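K.L.:
Got a structure here, written out as structure tokens. Questions coming.
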Amino acid sequence: ERKQFGKPIADFQGIQFMLADMAMKIEAARALTYQAAAASERGDKNLTFQGAAAKCFASDVAMEVTVDAVQLLGGYGYTRDYPVERMMRDAKITQIYEGTNQVQRIVIARNLP
């Protein structure tokens with residue numbers, strides 16, 4: 001709904017690229033998460049690697065995508081009137097709890113297949 005120069009911002013190619021990148025990252029994070037879940041169901045030996053990779057990648061993507069969403073909304077992105085403000089805070093905590101992403105990267109490196 002946001003407009004700039006009399007046009008919806010979704011009509012601008014740069015915004016379309018940004019939205020496409022956001023969608024691709026979300027799908028990649030989802031696929032990696034499902035792959036780790038399937039590995040858990042099968043009892044795979046490399047579950048530690050897959051779980052850490054899924055957690056780290058998905059939480060980084062969540063943060064990137066919500067920051068981009070806030071940027072797309074402009075000043076409205078920081079207000080509590082829009083849910084993206086809360087989503088960005090929630091995304092940040094996923095990078096921290098259950099082992100920070102820096103720790104997850106150590107786990108990944110030590111369990112490279």
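Residue names in the structure tokens use chain letters A, B, ... in the order shown, residue numbers from 1 in each chain, and ligand numbers from 1 in the order shown.
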Mind checking which residues fall within 8 Å of segment 80-87 of chain A, counting only C-alpha atoms, ignoring those fewer than 5 positions away in the same chain, and posting them as a list of chain:residue names?

P.N.:
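So the residues in contact are A:Thr66, A:Ala69, A:Val70.
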
K.L.:
Fewer than 3 positions away in the same chain doesn't count, so skip those; otherwise give me all residues within 7 Å of segment 20-35 of chain A, counting only C-alpha atoms, as a list in words.

P.N.:
Gln16, Phe17, Ala38, Ala39, Ala54, Phe57, Ala58, Val61 and Val65 of chain A

K.L.:
List the spatial neighbours of Arg2 of chain A as an MDAnalysis selection string - criterion: any atom at most 12 Å away, only C-alpha atoms, same-chain residues fewer than 6 positions off excluded.

P.N.:
chainID A and resid 8:12 15 71:77

K.L.:
List every residue of chain A that DSSP, applied to the backbone, labels as strand (DSSP E or B), and write the result as an MDAnalysis selection string.

P.N.:
chainID A and resid 3:4 7:8

K.L.:
Using DSSP on the backbone, list every residue of segment 5-82 of chain A that comes out as alpha helix (DSSP H), and give them as number ranges by chain.

P.N.:
A: 13-42, 47-73

K.L.:
Can you pull out the residues contacting Lys55 of chain A? Cut-off 8 Å, using only C-alpha atoms, and skip same-chain residues under 4 positions away; I want them as a PDB file with all heavy atoms, in the first residue's frame.

P.N.:
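Full text of out.pdb as output:
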ATOM      1  N   THR A  33      15.611 -26.355   7.316  1.00  0.00           N
ATOM      2  CA  THR A  33      14.959 -26.763   8.566  1.00  0.00           C
ATOM      3  C   THR A  33      14.242 -28.098   8.396  1.00  0.00           C
ATOM      4  O   THR A  33      14.350 -28.988   9.251  1.00  0.00           O
ATOM      5  CB  THR A  33      13.976 -25.671   9.032  1.00  0.00           C
ATOM      6  OG1 THR A  33      14.701 -24.452   9.221  1.00  0.00           O
ATOM      7  CG2 THR A  33      13.290 -26.064  10.327  1.00  0.00           C
ATOM      8  N   GLY A  51      21.329 -29.776  12.393  1.00  0.00           N
ATOM      9  CA  GLY A  51      20.551 -28.972  13.330  1.00  0.00           C
ATOM     10  C   GLY A  51      21.166 -27.601  13.563  1.00  0.00           C
ATOM     11  O   GLY A  51      20.466 -26.585  13.562  1.00  0.00           O
ATOM     12  N   SER A  59      17.796 -18.457  11.601  1.00  0.00           N
ATOM     13  CA  SER A  59      17.708 -17.272  12.461  1.00  0.00           C
ATOM     14  C   SER A  59      18.388 -16.066  11.815  1.00  0.00           C
ATOM     15  O   SER A  59      17.914 -14.934  11.954  1.00  0.00           O
ATOM     16  CB  SER A  59      18.276 -17.561  13.851  1.00  0.00           C
ATOM     17  OG  SER A  59      19.631 -17.935  13.784  1.00  0.00           O
ATOM     18  N   ASN A 101      24.506 -17.804  17.537  1.00  0.00           N
ATOM     19  CA  ASN A 101      24.889 -18.242  16.196  1.00  0.00           C
ATOM     20  C   ASN A 101      26.397 -18.377  16.041  1.00  0.00           C
ATOM     21  O   ASN A 101      26.864 -19.169  15.234  1.00  0.00           O
ATOM     22  CB  ASN A 101      24.306 -17.301  15.144  1.00  0.00           C
ATOM     23  CG  ASN A 101      22.856 -17.619  14.884  1.00  0.00           C
ATOM     24  OD1 ASN A 101      22.249 -18.431  15.580  1.00  0.00           O
ATOM     25  ND2 ASN A 101      22.289 -17.006  13.871  1.00  0.00           N
ATOM     26  N   GLN A 104      26.933 -21.779  17.249  1.00  0.00           N
ATOM     27  CA  GLN A 104      26.437 -22.711  16.233  1.00  0.00           C
ATOM     28  C   GLN A 104      27.448 -22.867  15.100  1.00  0.00           C
ATOM     29  O   GLN A 104      27.648 -23.966  14.579  1.00  0.00           O
ATOM     30  CB  GLN A 104      25.093 -22.246  15.664  1.00  0.00           C
ATOM     31  CG  GLN A 104      23.967 -22.205  16.666  1.00  0.00           C
ATOM     32  CD  GLN A 104      23.685 -23.532  17.335  1.00  0.00           C
ATOM     33  OE1 GLN A 104      23.777 -24.583  16.720  1.00  0.00           O
ATOM     34  NE2 GLN A 104      23.341 -23.497  18.610  1.00  0.00           N
TER      35      GLN A 104
END

K.L.:
Which value, in Å to one decimal, gives the distance between atom CA of Glu64 of chain A and atom CA of Pro113 of chain A?

P.N.:
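For atom CA of Glu64 of chain A relative to atom CA of Pro113 of chain A, the distance reads 27.0 Å.
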